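*Asks:* CSV, C-alpha atoms and all ligand atoms, file model34.csv:
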```csv
chain,number,residue,atom,x,y,z
H,10,SER,CA,19.6,-2.1,30.6
H,11,GLU,CA,16.8,-3.6,28.5
H,12,ALA,CA,14.9,-4.6,31.8
H,13,ASP,CA,15.1,-1.0,33.0
H,14,LEU,CA,13.7,0.3,29.7
H,15,ILE,CA,10.9,-2.2,29.8
H,16,ALA,CA,10.1,-1.1,33.4
H,17,ILE,CA,10.0,2.5,32.4
H,18,ILE,CA,7.7,1.9,29.5
H,19,GLU,CA,5.4,-0.4,31.6
H,20,GLY,CA,5.3,2.2,34.4
H,21,VAL,CA,4.4,5.1,32.1
H,22,LYS,CA,1.7,3.0,30.4
H,23,ALA,CA,0.2,1.9,33.7
H,24,ARG,CA,0.2,5.4,35.3
H,25,MET,CA,-1.1,7.2,32.2
H,26,GLY,CA,-3.8,4.6,31.4
H,27,SER,CA,-6.3,5.8,28.8
H,28,ARG,CA,-4.6,9.2,28.5
H,29,LEU,CA,-2.1,7.5,26.3
H,30,PHE,CA,-2.5,5.5,23.0
H,31,LEU,CA,0.3,3.6,21.4
H,32,PRO,CA,-0.3,2.2,17.9
H,33,ALA,CA,2.4,0.2,16.1
H,34,HIS,CA,2.8,-0.7,12.4
H,35,HIS,CA,3.4,-4.4,11.6
H,36,TYR,CA,7.0,-3.5,10.5
H,37,GLN,CA,8.0,-2.4,14.0
H,38,LYS,CA,10.4,-4.4,16.1
H,39,ASP,CA,9.0,-7.0,18.5
H,40,GLU,CA,10.5,-5.0,21.4
H,41,VAL,CA,8.1,-2.2,20.5
H,42,VAL,CA,5.1,-4.2,19.3
H,43,GLN,CA,4.8,-5.9,22.7
H,44,PHE,CA,3.6,-2.5,24.1
H,45,ALA,CA,1.2,-1.7,21.3
H,46,ASP,CA,-2.5,-0.8,22.1
H,47,ALA,CA,-3.2,-1.5,18.4
H,48,THR,CA,-1.2,-3.0,15.6
H,49,GLY,CA,-2.1,-2.7,11.9
H,50,ASP,CA,-1.3,-2.0,8.3
H,51,SER,CA,-1.4,1.6,7.1
H,52,LEU,CA,-5.2,1.6,6.6
H,53,GLN,CA,-6.0,0.1,10.0
H,54,LEU,CA,-3.7,2.6,11.7
H,55,ALA,CA,-5.6,5.4,10.0
H,56,GLN,CA,-8.9,3.9,11.0
H,57,VAL,CA,-8.0,3.9,14.7
H,58,ALA,CA,-7.8,7.7,14.8
H,59,LYS,CA,-11.0,7.8,16.8
H,60,GLN,CA,-9.4,5.8,19.6
H,61,MET,CA,-6.4,8.1,19.5
H,62,THR,CA,-8.6,11.2,19.9
H,63,GLU,CA,-10.1,9.6,23.1
H,64,ALA,CA,-6.6,9.8,24.6
H,65,GLU,CA,-4.6,12.9,25.2
H,66,TYR,CA,-1.4,11.6,23.6
H,67,THR,CA,-0.6,9.2,20.8
H,68,VAL,CA,3.0,7.9,20.7
H,69,PHE,CA,3.1,6.6,17.2
H,70,CYS,CA,5.4,3.6,16.6
H,71,GLY,CA,5.8,3.8,12.8
H,72,VAL,CA,7.2,6.3,10.4
H,73,HIS,CA,6.7,10.1,9.9
H,74,PHE,CA,4.0,10.1,7.3
H,75,MET,CA,1.8,7.8,9.5
H,76,ALA,CA,2.2,10.1,12.5
H,77,GLU,CA,1.3,13.1,10.2
H,78,THR,CA,-1.9,11.3,9.2
H,79,ALA,CA,-2.6,10.5,12.9
H,80,ASP,CA,-2.3,14.2,13.7
H,81,MET,CA,-4.5,15.3,10.8
H,82,LEU,CA,-7.3,12.8,11.7
H,83,THR,CA,-7.4,13.6,15.4
H,84,ASP,CA,-8.6,16.7,17.3
H,85,ALA,CA,-6.4,19.8,17.4
H,86,SER,CA,-6.0,19.3,21.2
H,87,HIS,CA,-4.6,15.8,20.7
H,88,THR,CA,-0.8,15.5,20.7
H,89,VAL,CA,1.0,13.0,18.4
H,90,VAL,CA,4.6,12.1,19.2
H,91,LEU,CA,7.1,10.2,17.0
H,92,PRO,CA,9.7,8.6,19.3
H,93,ASP,CA,12.5,9.3,16.7
H,94,MET,CA,12.3,12.0,14.1
H,95,ARG,CA,14.7,10.1,11.9
H,96,ALA,CA,11.9,7.5,11.3
H,97,GLY,CA,11.1,8.8,7.8
H,98,CYS,CA,10.3,6.9,4.6
H,99,SER,CA,12.6,7.0,1.6
H,100,MET,CA,9.6,6.5,-0.7
H,101,ALA,CA,7.6,9.4,0.8
H,102,ASP,CA,10.7,11.5,0.3
H,103,MET,CA,10.7,10.8,-3.5
H,104,ALA,CA,7.8,13.3,-4.1
H,105,ASN,CA,7.8,16.9,-2.9
H,106,ASP,CA,5.0,19.4,-3.5
H,107,THR,CA,7.0,21.7,-5.8
H,108,GLN,CA,7.8,18.8,-8.1
H,109,THR,CA,4.3,17.5,-8.0
H,110,GLU,CA,2.7,20.9,-8.8
H,111,ARG,CA,5.1,21.3,-11.7
H,112,ALA,CA,4.4,17.8,-13.0
H,113,PHE,CA,0.6,18.3,-12.8
H,114,THR,CA,0.8,21.6,-14.7
H,115,ILE,CA,2.9,20.0,-17.5
H,116,LEU,CA,0.7,16.9,-17.7
H,117,THR,CA,-2.6,19.0,-17.7
H,118,GLU,CA,-1.2,21.2,-20.5
H,119,ARG,CA,-0.4,18.0,-22.5
H,120,PHE,CA,-3.4,15.8,-21.7
H,121,GLY,CA,-6.2,18.2,-20.7
H,122,GLU,CA,-8.1,18.5,-17.4
H,123,SER,CA,-9.2,14.9,-17.1
H,124,ILE,CA,-6.4,13.7,-14.8
H,125,LEU,CA,-7.2,12.5,-11.3
H,126,PRO,CA,-4.3,12.3,-8.8
H,127,LEU,CA,-4.2,9.5,-6.2
H,128,THR,CA,-1.4,9.2,-3.7
H,129,TYR,CA,-0.3,6.2,-1.7
H,130,VAL,CA,-0.5,7.1,2.0
H,131,ASN,CA,3.3,6.7,2.0
H,132,SER,CA,3.6,10.3,1.1
H,133,THR,CA,4.0,13.7,2.9
H,134,ALA,CA,1.0,15.6,4.2
H,135,ALA,CA,1.7,18.2,1.5
H,136,ILE,CA,1.3,15.6,-1.2
H,137,LYS,CA,-1.9,14.4,0.3
H,138,ALA,CA,-3.1,18.0,0.4
H,139,PHE,CA,-2.2,18.5,-3.3
H,140,VAL,CA,-4.2,15.4,-4.2
H,141,GLY,CA,-7.1,16.5,-2.0
H,142,ARG,CA,-7.2,20.0,-3.6
H,143,HIS,CA,-7.5,18.3,-7.1
H,144,GLY,CA,-10.4,16.0,-6.2
H,145,GLY,CA,-8.3,12.9,-5.6
H,146,ALA,CA,-7.8,10.6,-2.7
H,147,THR,CA,-5.2,8.6,-0.8
H,148,VAL,CA,-4.9,4.8,-1.1
H,149,THR,CA,-3.2,2.1,0.9
H,150,SER,CA,-2.1,-1.3,-0.3
H,151,SER,CA,-5.2,-2.8,1.1
H,152,ASN,CA,-7.7,-0.7,-0.8
H,153,ALA,CA,-5.7,0.3,-3.9
H,154,VAL,CA,-7.9,-1.8,-6.2
H,155,GLN,CA,-11.1,0.0,-5.1
H,156,MET,CA,-9.5,3.4,-5.2
H,157,VAL,CA,-7.9,3.0,-8.6
H,158,GLU,CA,-11.2,1.6,-10.0
H,159,TRP,CA,-13.0,4.7,-8.6
H,160,ALA,CA,-10.4,7.1,-10.1
H,161,LEU,CA,-10.5,5.5,-13.6
H,162,ALA,CA,-14.3,5.8,-13.5
H,163,GLU,CA,-14.1,9.5,-12.5
H,164,ARG,CA,-11.6,10.7,-15.0
H,165,ASP,CA,-9.8,9.6,-18.2
H,166,ILE,CA,-6.3,9.5,-16.7
H,167,LEU,CA,-5.0,8.5,-13.3
H,168,PHE,CA,-1.9,10.2,-11.9
H,169,PHE,CA,-0.5,7.8,-9.2
H,170,LEU,CA,2.1,9.0,-6.6
H,171,PRO,CA,4.7,8.2,-5.4
H,172,ASP,CA,5.0,4.4,-5.7
H,173,GLN,CA,5.2,3.3,-9.4
H,174,HIS,CA,5.0,-0.4,-8.3
H,175,LEU,CA,1.8,-0.3,-6.3
H,176,GLY,CA,0.3,1.9,-9.1
H,177,ARG,CA,1.4,-0.4,-11.9
H,178,ASN,CA,0.5,-3.6,-10.0
H,179,THR,CA,-3.0,-2.3,-9.1
H,180,ALA,CA,-3.8,-0.8,-12.6
H,181,HIS,CA,-2.7,-4.1,-14.2
H,182,ALA,CA,-4.8,-6.2,-11.9
H,183,LEU,CA,-7.8,-4.0,-13.1
H,184,GLY,CA,-7.0,-4.9,-16.7
H,185,ILE,CA,-5.0,-1.8,-17.8
H,186,PRO,CA,-2.2,-3.1,-20.1
H,187,LEU,CA,1.3,-1.9,-19.4
H,188,GLU,CA,1.3,-0.2,-22.8
H,189,GLN,CA,-1.2,2.3,-21.4
H,190,MET,CA,1.0,3.3,-18.5
H,191,ALA,CA,3.5,6.1,-18.6
H,192,ILE,CA,6.2,7.0,-16.1
H,193,TRP,CA,6.7,10.5,-14.8
H,194,ASP,CA,10.4,11.2,-13.9
H,195,PRO,CA,10.4,14.0,-11.4
H,196,ILE,CA,14.2,14.5,-11.6
H,197,LYS,CA,14.2,15.1,-15.4
H,198,ASP,CA,10.6,16.5,-15.5
H,199,GLU,CA,10.0,14.0,-18.3
H,200,LEU,CA,7.2,11.6,-19.3
H,201,VAL,CA,8.5,8.3,-20.4
H,202,PHE,CA,6.0,6.7,-22.7
H,203,ASP,CA,6.4,4.7,-25.9
H,204,GLY,CA,2.9,4.9,-27.4
H,205,GLU,CA,0.6,7.7,-28.6
H,206,ASP,CA,-0.6,10.3,-26.1
H,207,GLN,CA,-4.3,9.3,-26.6
H,208,ASP,CA,-3.5,5.8,-25.2
H,209,VAL,CA,-2.3,6.9,-21.8
H,210,ARG,CA,-4.6,5.8,-19.0
H,211,VAL,CA,-2.2,5.8,-16.0
H,212,ILE,CA,0.8,8.0,-15.2
H,213,LEU,CA,3.1,6.5,-12.5
H,214,TRP,CA,5.4,8.7,-10.4
H,215,LYS,CA,8.9,7.3,-10.6
H,216,GLY,CA,9.2,6.4,-6.9
H,217,HIS,CA,9.7,3.1,-5.1
H,218,CYS,CA,10.3,1.4,-1.7
H,219,SER,CA,14.0,0.7,-1.1
H,220,VAL,CA,13.1,-2.3,1.0
H,221,HIS,CA,10.8,-4.0,-1.5
H,222,GLU,CA,13.0,-3.4,-4.5
H,223,LYS,CA,15.4,-6.0,-2.9
H,224,PHE,CA,13.1,-8.9,-3.9
H,225,THR,CA,13.7,-10.3,-7.4
H,226,VAL,CA,12.4,-12.7,-9.9
H,227,GLY,CA,15.7,-14.5,-9.6
H,228,GLN,CA,15.0,-15.3,-5.9
H,229,ILE,CA,11.5,-16.7,-6.9
H,230,ASP,CA,13.0,-18.8,-9.8
H,231,GLN,CA,15.5,-20.3,-7.3
H,232,PHE,CA,12.7,-21.4,-5.0
H,233,ARG,CA,10.6,-22.7,-8.0
H,234,LYS,CA,13.6,-24.9,-8.9
H,235,THR,CA,14.7,-26.1,-5.5
H,236,ASP,CA,11.5,-26.0,-3.5
H,237,PRO,CA,8.5,-25.9,-5.8
H,238,GLU,CA,6.0,-26.5,-3.1
H,239,ARG,CA,6.9,-23.2,-1.3
H,240,LYS,CA,4.3,-20.5,-1.8
H,241,ILE,CA,5.6,-17.1,-2.7
H,242,LEU,CA,3.7,-14.3,-0.9
H,243,VAL,CA,4.8,-10.7,-1.6
H,244,HIS,CA,3.8,-7.1,-0.9
H,245,PRO,CA,2.6,-5.0,-3.9
H,246,GLU,CA,5.4,-2.5,-3.4
H,247,CYS,CA,7.5,-5.2,-5.1
H,248,SER,CA,8.1,-4.8,-8.9
H,249,HIS,CA,5.5,-5.9,-11.4
H,250,GLU,CA,7.8,-8.8,-12.5
H,251,VAL,CA,8.0,-10.0,-8.9
H,252,VAL,CA,4.3,-9.7,-8.2
H,253,THR,CA,3.5,-11.5,-11.5
H,254,ALA,CA,5.9,-14.3,-10.7
H,255,SER,CA,4.5,-14.7,-7.1
H,256,ASP,CA,1.6,-16.8,-6.0
H,257,LEU,CA,-0.1,-14.1,-3.8
H,258,ASN,CA,0.3,-10.4,-3.1
H,259,GLY,CA,-1.2,-7.9,-0.7
H,260,SER,CA,-0.8,-5.5,2.2
H,261,THR,CA,0.8,-6.5,5.4
H,262,ALA,CA,-2.6,-7.2,6.9
H,263,TYR,CA,-3.3,-9.5,3.9
H,264,ILE,CA,0.0,-11.3,4.3
H,265,ILE,CA,-0.7,-11.9,8.0
H,266,GLN,CA,-4.2,-13.2,7.2
H,267,GLN,CA,-2.9,-15.6,4.6
H,268,ILE,CA,-0.4,-17.0,7.1
H,269,GLU,CA,-3.0,-17.3,9.8
H,270,ARG,CA,-5.2,-19.3,7.4
H,271,ALA,CA,-2.4,-21.5,6.1
H,272,ALA,CA,-2.6,-25.3,6.5
H,273,PRO,CA,0.0,-26.7,9.0
H,274,GLY,CA,3.1,-27.9,7.4
H,275,THR,CA,2.9,-25.6,4.4
H,276,LYS,CA,6.0,-23.7,3.2
H,277,TRP,CA,6.1,-20.0,2.5
H,278,ALA,CA,8.6,-17.5,1.2
H,279,ILE,CA,7.5,-13.9,2.1
H,280,GLY,CA,8.6,-10.8,0.3
H,281,THR,CA,8.2,-8.0,2.8
H,282,GLU,CA,10.0,-6.2,5.6
H,283,MET,CA,12.1,-8.4,7.9
H,284,ASN,CA,10.5,-7.7,11.3
H,285,LEU,CA,7.1,-8.9,10.0
H,286,VAL,CA,8.6,-12.0,8.3
H,287,ASN,CA,10.5,-13.0,11.4
H,288,ARG,CA,7.5,-12.4,13.7
H,289,LEU,CA,5.3,-14.6,11.5
H,290,ALA,CA,8.0,-17.3,11.4
H,291,THR,CA,8.2,-17.3,15.3
H,292,THR,CA,4.5,-17.1,16.0
H,293,HIS,CA,3.7,-19.9,13.5
H,294,PRO,CA,6.1,-22.8,14.2
H,295,GLU,CA,3.6,-25.1,12.5
H,296,LEU,CA,4.5,-23.5,9.2
H,297,ASP,CA,7.8,-23.3,7.3
H,298,ILE,CA,8.3,-19.5,6.7
H,299,VAL,CA,11.4,-17.9,5.2
H,300,SER,CA,12.2,-14.5,3.7
H,301,LEU,CA,12.1,-14.4,-0.1
H,302,ASN,CA,15.5,-12.6,0.1
H,303,PRO,CA,17.9,-14.8,2.0
H,304,PHE,CA,19.7,-11.6,3.3
H,305,MET,CA,16.4,-10.4,4.8
H,306,CYS,CA,15.2,-6.9,4.2
H,307,PRO,CA,15.0,-4.5,7.1
H,308,CYS,CA,13.4,-1.0,6.8
H,309,LEU,CA,16.0,1.0,8.5
H,310,THR,CA,13.7,3.9,9.3
H,311,MET,CA,11.0,1.7,10.8
H,312,ASN,CA,13.8,0.3,13.0
H,313,ARG,CA,14.7,3.7,14.3
H,314,ILE,CA,11.9,3.2,16.9
H,315,ASP,CA,13.4,1.1,19.6
H,316,LEU,CA,13.2,0.6,23.4
H,317,PRO,CA,15.5,3.6,24.3
H,318,HIS,CA,13.6,6.0,22.0
H,319,LEU,CA,10.2,4.7,23.1
H,320,ALA,CA,11.1,4.9,26.8
H,321,TRP,CA,12.5,8.5,26.4
H,322,ALA,CA,9.5,9.7,24.5
H,323,LEU,CA,7.1,8.2,27.0
H,324,GLU,CA,8.9,9.7,30.0
H,325,GLN,CA,8.8,13.1,28.3
H,326,VAL,CA,5.0,12.7,27.6
H,327,GLU,CA,4.3,11.7,31.2
H,328,ALA,CA,6.3,14.7,32.5
H,329,GLY,CA,4.1,17.0,30.4
H,330,GLU,CA,7.0,18.0,28.2
H,331,PRO,CA,6.5,15.9,25.1
H,332,VAL,CA,9.2,15.9,22.5
H,333,ASN,CA,9.1,15.2,18.7
H,334,ILE,CA,5.5,16.5,18.4
H,335,ILE,CA,4.2,16.0,14.9
H,336,THR,CA,1.9,18.8,13.7
H,337,VAL,CA,0.6,19.5,10.3
H,338,ASP,CA,-0.5,23.1,9.6
H,339,ALA,CA,-4.3,23.8,9.3
H,340,GLU,CA,-4.3,24.6,5.6
H,341,THR,CA,-2.4,21.4,4.6
H,342,THR,CA,-4.6,19.4,7.0
H,343,ARG,CA,-7.8,20.8,5.5
H,344,TYR,CA,-7.0,19.5,2.0
H,345,ALA,CA,-5.2,16.3,3.0
H,346,VAL,CA,-8.1,15.3,5.2
H,347,LEU,CA,-10.4,15.6,2.1
H,348,ALA,CA,-8.1,13.0,0.4
H,349,LEU,CA,-8.0,10.8,3.4
H,350,GLU,CA,-11.8,10.9,3.9
H,351,ARG,CA,-12.5,10.1,0.3
H,352,MET,CA,-10.4,6.9,0.9
H,353,LEU,CA,-11.9,6.1,4.4
H,354,ALA,CA,-15.4,6.4,3.0
H,355,ARG,CA,-14.6,3.7,0.4
H,356,SER,CA,-12.7,1.3,2.7
J,401,LIG,P1,0.9,-1.7,4.6
J,401,LIG,O1,1.1,-2.1,6.0
J,401,LIG,O2,-0.3,-0.8,4.5
J,401,LIG,O3,0.8,-2.9,3.7
J,401,LIG,O4,2.2,-0.8,4.2
J,401,LIG,C1,3.4,-1.3,4.0
J,401,LIG,C2,4.5,-0.2,4.1
J,401,LIG,O5,5.5,-0.2,3.5
J,401,LIG,C3,4.3,0.8,5.2
J,401,LIG,O6,5.4,1.6,5.1
J,402,LIG,FE1,8.9,3.4,3.4
J,402,LIG,FE2,9.4,1.0,2.3
J,402,LIG,FE3,10.1,1.5,4.9
J,402,LIG,FE4,7.5,1.3,4.2
J,402,LIG,S1,9.0,-0.3,4.1
J,402,LIG,S2,8.4,2.9,5.5
J,402,LIG,S3,7.5,2.2,2.1
J,402,LIG,S4,10.9,2.6,3.1
```
Please go through the file and, once you have read it, give me the structure as structure tokens.
*Replies:*
Amino acid sequence: SEADLIAIIEGVKARMGSRLFLPAHHYQKDEVVQFADATGDSLQLAQVAKQMTEAEYTVFCGVHFMAETADMLTDASHTVVLPDMRAGCSMADMANDTQTERAFTILTERFGESILPLTYVNSTAAIKAFVGRHGGATVTSSNAVQMVEWALAERDILFFLPDQHLGRNTAHALGIPLEQMAIWDPIKDELVFDGEDQDVRVILWKGHCSVHEKFTVGQIDQFRKTDPERKILVHPECSHEVVTASDLNGSTAYIIQQIERAAPGTKWAIGTEMNLVNRLATTHPELDIVSLNPFMCPCLTMNRIDLPHLAWALEQVEAGEPVNIITVDAETTRYAVLALERMLARS
């Protein structure tokens, strides 16, 4: 029963004490978040790596790429566990290293050497290593503006992986017109661009988040008509049209901060993952908070982590027989950490 699972988790946590660290992303279920030693957006969860290293085990409540990053940023003796290996990310799966190497070769032949790759942290360790090897860095939704600004000052062209929307929204916020952005289609190995080659400033990998693509301008228009006072707050993984039509956009940490600062009685429609929207609505009864998409938008892979998987993973850890250990090989780690450190130094 749920009570038994809770008792198991509480028991392991109490007995293991500081030997165990349990971070949870803001999109995790409440049933998991209640046990978290730290919650955060992707940047904050990378920044707590030092706290992870002080423990023997990290049981990561998030998705696979986050656990990989935790493994790479902690000592080799530290063990990172993902309670369910099926907790992946469809966006991270949209770019593999073979496709990326091929794209970079083709693009370098066409545009010359002055291309700097940046990857959203929502990518595999192999992609982070590719970017690190080529002088680039990782970005998260909370430092994308600083990182894109840095990249455009370093080289003529920015190659942004794997989320076209975060790349487009960020470059546009920095004053790059849409006409100077091209799209790389990794399935067709094709660059989609209407203008002249010399005008390209940003090349966007054709990837997206399957959760955030469910928010539309039509939903925003509906609220503008029926409920014009309601503020629209979205994540920058939403399309450019949605971000442009919204009132505010930012990372999950930014969304939480806006809600915490909101005046009592104000109305909000939030365009991000359902668990976070529901948690904000419950913890802020003084506000009127709804999802921008009336059918809500769950991230099915984030939701793989639940009480049964967490209890099972923790029992195995305590027994000294951890399951679902996430390890990134030394060569990949070396270059991926270069990319991560270039970001952490600027965040
Ligand atoms: P942030 O928490 O960094 O905003 O990331 C959102 C996300 O989609 C994580 O998978
Ligand atoms: Fe990936 Fe989107 Fe889920 Fe985040 S919300 S883990 S980007 S699928």
*Asks:* With only C-alpha atoms and all ligand atoms as the basis for distance, which of H:His293, H:His34, H:Lys234, H:Arg210 is at the shortest distance from ligand LIG 401 (chain J)?
*Replies:*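 Nearest to ligand LIG 401 (chain J): H:His34.
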*Asks:* Can you work out which one of H:Gln37, H:Ser123, H:Gln43, H:Thr83 has the shortest atom-to-atom distance to ligand LIG 401 (chain J), counting all atoms listed in the file?
*Replies:*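 Of the candidates, the smallest distance to ligand LIG 401 (chain J) is held by H:Gln37.
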*Asks:* Grab me every residue within 6 Å of ligand LIG 401 (chain J), counting all atoms listed in the file, and send it over as an MDAnalysis selection string.
*Replies:* chainID H and resid 50:52 149:150 260:261
*Asks:* Save out the residues we just selected, C-alpha atoms, as a PDB file, in the coordinates of the input.
*Replies:*
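That gives us selection.pdb:
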```
ATOM      1  CA  ASP H  50      -1.300  -2.000   8.300  1.00  0.00           C
ATOM      2  CA  SER H  51      -1.400   1.600   7.100  1.00  0.00           C
ATOM      3  CA  LEU H  52      -5.200   1.600   6.600  1.00  0.00           C
ATOM      4  CA  THR H 149      -3.200   2.100   0.900  1.00  0.00           C
ATOM      5  CA  SER H 150      -2.100  -1.300  -0.300  1.00  0.00           C
ATOM      6  CA  SER H 260      -0.800  -5.500   2.200  1.00  0.00           C
ATOM      7  CA  THR H 261       0.800  -6.500   5.400  1.00  0.00           C
TER       8      THR H 261
END
```
*Asks:* Hey, which of H:Asp297, H:Phe44, H:Val89, H:Met156 ends up closest to Ser356 of chain H? Count only C-alpha atoms.
*Replies:* H:Met156
*Asks:* Contacts of segment 343-348 of chain H at 10 Å or less, counting only C-alpha atoms, minus same-chain residues fewer than 3 places along, as number ranges by chain?
*Replies:* H: 78, 81-82, 126-128, 130, 133-148, 337-340, 351-353
*Asks:* Let me have all residues with an atom within 7 Å of ligand LIG 402 (chain J), counting only C-alpha atoms and all ligand atoms, laid out as a JSON list (two decimals) with C-alpha atoms, in the frame of the given file.
*Replies:*
```json
[["chain", "number", "residue", "atom", "x", "y", "z"],
["H", 72, "VAL", "CA", 7.20, 6.30, 10.40],
["H", 97, "GLY", "CA", 11.10, 8.80, 7.80],
["H", 98, "CYS", "CA", 10.30, 6.90, 4.60],
["H", 99, "SER", "CA", 12.60, 7.00, 1.60],
["H", 100, "MET", "CA", 9.60, 6.50, -0.70],
["H", 101, "ALA", "CA", 7.60, 9.40, 0.80],
["H", 131, "ASN", "CA", 3.30, 6.70, 2.00],
["H", 218, "CYS", "CA", 10.30, 1.40, -1.70],
["H", 219, "SER", "CA", 14.00, 0.70, -1.10],
["H", 220, "VAL", "CA", 13.10, -2.30, 1.00],
["H", 221, "HIS", "CA", 10.80, -4.00, -1.50],
["H", 282, "GLU", "CA", 10.00, -6.20, 5.60],
["H", 308, "CYS", "CA", 13.40, -1.00, 6.80],
["H", 309, "LEU", "CA", 16.00, 1.00, 8.50],
["H", 310, "THR", "CA", 13.70, 3.90, 9.30],
["H", 311, "MET", "CA", 11.00, 1.70, 10.80]]
```
*Asks:* Looking at all atoms listed in the file, which of H:Ile335, H:Leu183, H:Ile229, H:Ala328 is the one that sits closest to Arg24 of chain H?
*Replies:*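 Answer, going by the shortest atom-to-atom distance: H:Ala328.
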*Asks:* Could you tell me how far atom CA of Glu19 of chain H lies from atom CA of Val57 of chain H, in Å and to one decimal?
*Replies:*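 Taking atom CA of Glu19 of chain H as the start and atom CA of Val57 of chain H as the end point, the length is 22.0 Å.
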*Asks:* Given all atoms listed in the file as the basis, pick out the residue of H:Val226, H:Ile18, H:Leu29, H:Val42 nearest to Met61 of chain H.
*Replies:*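 Ranking H:Val226, H:Ile18, H:Leu29, H:Val42 by distance to Met61 of chain H, first place goes to H:Leu29.
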*Asks:* Quick one: segment 220-264 of chain H with C-alpha atoms, as a PDB file, in the first residue's frame?
*Replies:*
```pdb
ATOM      1  CA  VAL H 220       5.019  18.225 -23.598  1.00  0.00           C
ATOM      2  CA  HIS H 221       5.503  21.914 -24.422  1.00  0.00           C
ATOM      3  CA  GLU H 222       4.403  21.579 -28.059  1.00  0.00           C
ATOM      4  CA  LYS H 223       0.875  21.025 -26.672  1.00  0.00           C
ATOM      5  CA  PHE H 224       0.534  24.715 -25.781  1.00  0.00           C
ATOM      6  CA  THR H 225      -0.869  26.831 -28.600  1.00  0.00           C
ATOM      7  CA  VAL H 226      -1.606  30.422 -29.545  1.00  0.00           C
ATOM      8  CA  GLY H 227      -5.272  29.370 -29.867  1.00  0.00           C
ATOM      9  CA  GLN H 228      -5.356  28.597 -26.121  1.00  0.00           C
ATOM     10  CA  ILE H 229      -3.828  32.006 -25.348  1.00  0.00           C
ATOM     11  CA  ASP H 230      -6.312  33.786 -27.670  1.00  0.00           C
ATOM     12  CA  GLN H 231      -9.162  32.035 -25.899  1.00  0.00           C
ATOM     13  CA  PHE H 232      -8.043  33.382 -22.509  1.00  0.00           C
ATOM     14  CA  ARG H 233      -7.448  36.856 -23.961  1.00  0.00           C
ATOM     15  CA  LYS H 234     -11.081  36.868 -25.132  1.00  0.00           C
ATOM     16  CA  THR H 235     -12.829  35.320 -22.150  1.00  0.00           C
ATOM     17  CA  ASP H 236     -10.516  36.200 -19.274  1.00  0.00           C
ATOM     18  CA  PRO H 237      -8.301  39.143 -20.311  1.00  0.00           C
ATOM     19  CA  GLU H 238      -6.898  39.753 -16.837  1.00  0.00           C
ATOM     20  CA  ARG H 239      -5.323  36.305 -16.653  1.00  0.00           C
ATOM     21  CA  LYS H 240      -1.528  36.467 -17.078  1.00  0.00           C
ATOM     22  CA  ILE H 241       0.014  33.901 -19.409  1.00  0.00           C
ATOM     23  CA  LEU H 242       3.289  32.439 -18.107  1.00  0.00           C
ATOM     24  CA  VAL H 243       5.075  29.828 -20.243  1.00  0.00           C
ATOM     25  CA  HIS H 244       8.306  27.845 -20.494  1.00  0.00           C
ATOM     26  CA  PRO H 245      10.664  28.770 -23.388  1.00  0.00           C
ATOM     27  CA  GLU H 246      10.428  25.185 -24.716  1.00  0.00           C
ATOM     28  CA  CYS H 247       7.067  26.394 -26.117  1.00  0.00           C
ATOM     29  CA  SER H 248       7.012  27.551 -29.738  1.00  0.00           C
ATOM     30  CA  HIS H 249       8.108  31.078 -30.657  1.00  0.00           C
ATOM     31  CA  GLU H 250       4.506  32.009 -31.483  1.00  0.00           C
ATOM     32  CA  VAL H 251       3.343  30.918 -28.027  1.00  0.00           C
ATOM     33  CA  VAL H 252       6.208  32.669 -26.224  1.00  0.00           C
ATOM     34  CA  THR H 253       5.552  35.857 -28.225  1.00  0.00           C
ATOM     35  CA  ALA H 254       1.838  35.778 -27.414  1.00  0.00           C
ATOM     36  CA  SER H 255       2.491  35.123 -23.684  1.00  0.00           C
ATOM     37  CA  ASP H 256       3.116  37.741 -20.983  1.00  0.00           C
ATOM     38  CA  LEU H 257       6.147  36.105 -19.374  1.00  0.00           C
ATOM     39  CA  ASN H 258       8.435  33.164 -20.076  1.00  0.00           C
ATOM     40  CA  GLY H 259      11.229  31.397 -18.266  1.00  0.00           C
ATOM     41  CA  SER H 260      12.590  28.215 -16.698  1.00  0.00           C
ATOM     42  CA  THR H 261      10.691  26.254 -14.075  1.00  0.00           C
ATOM     43  CA  ALA H 262      12.572  28.126 -11.328  1.00  0.00           C
ATOM     44  CA  TYR H 263      11.528  31.431 -12.950  1.00  0.00           C
ATOM     45  CA  ILE H 264       7.891  30.287 -13.196  1.00  0.00           C
TER      46      ILE H 264
END
```
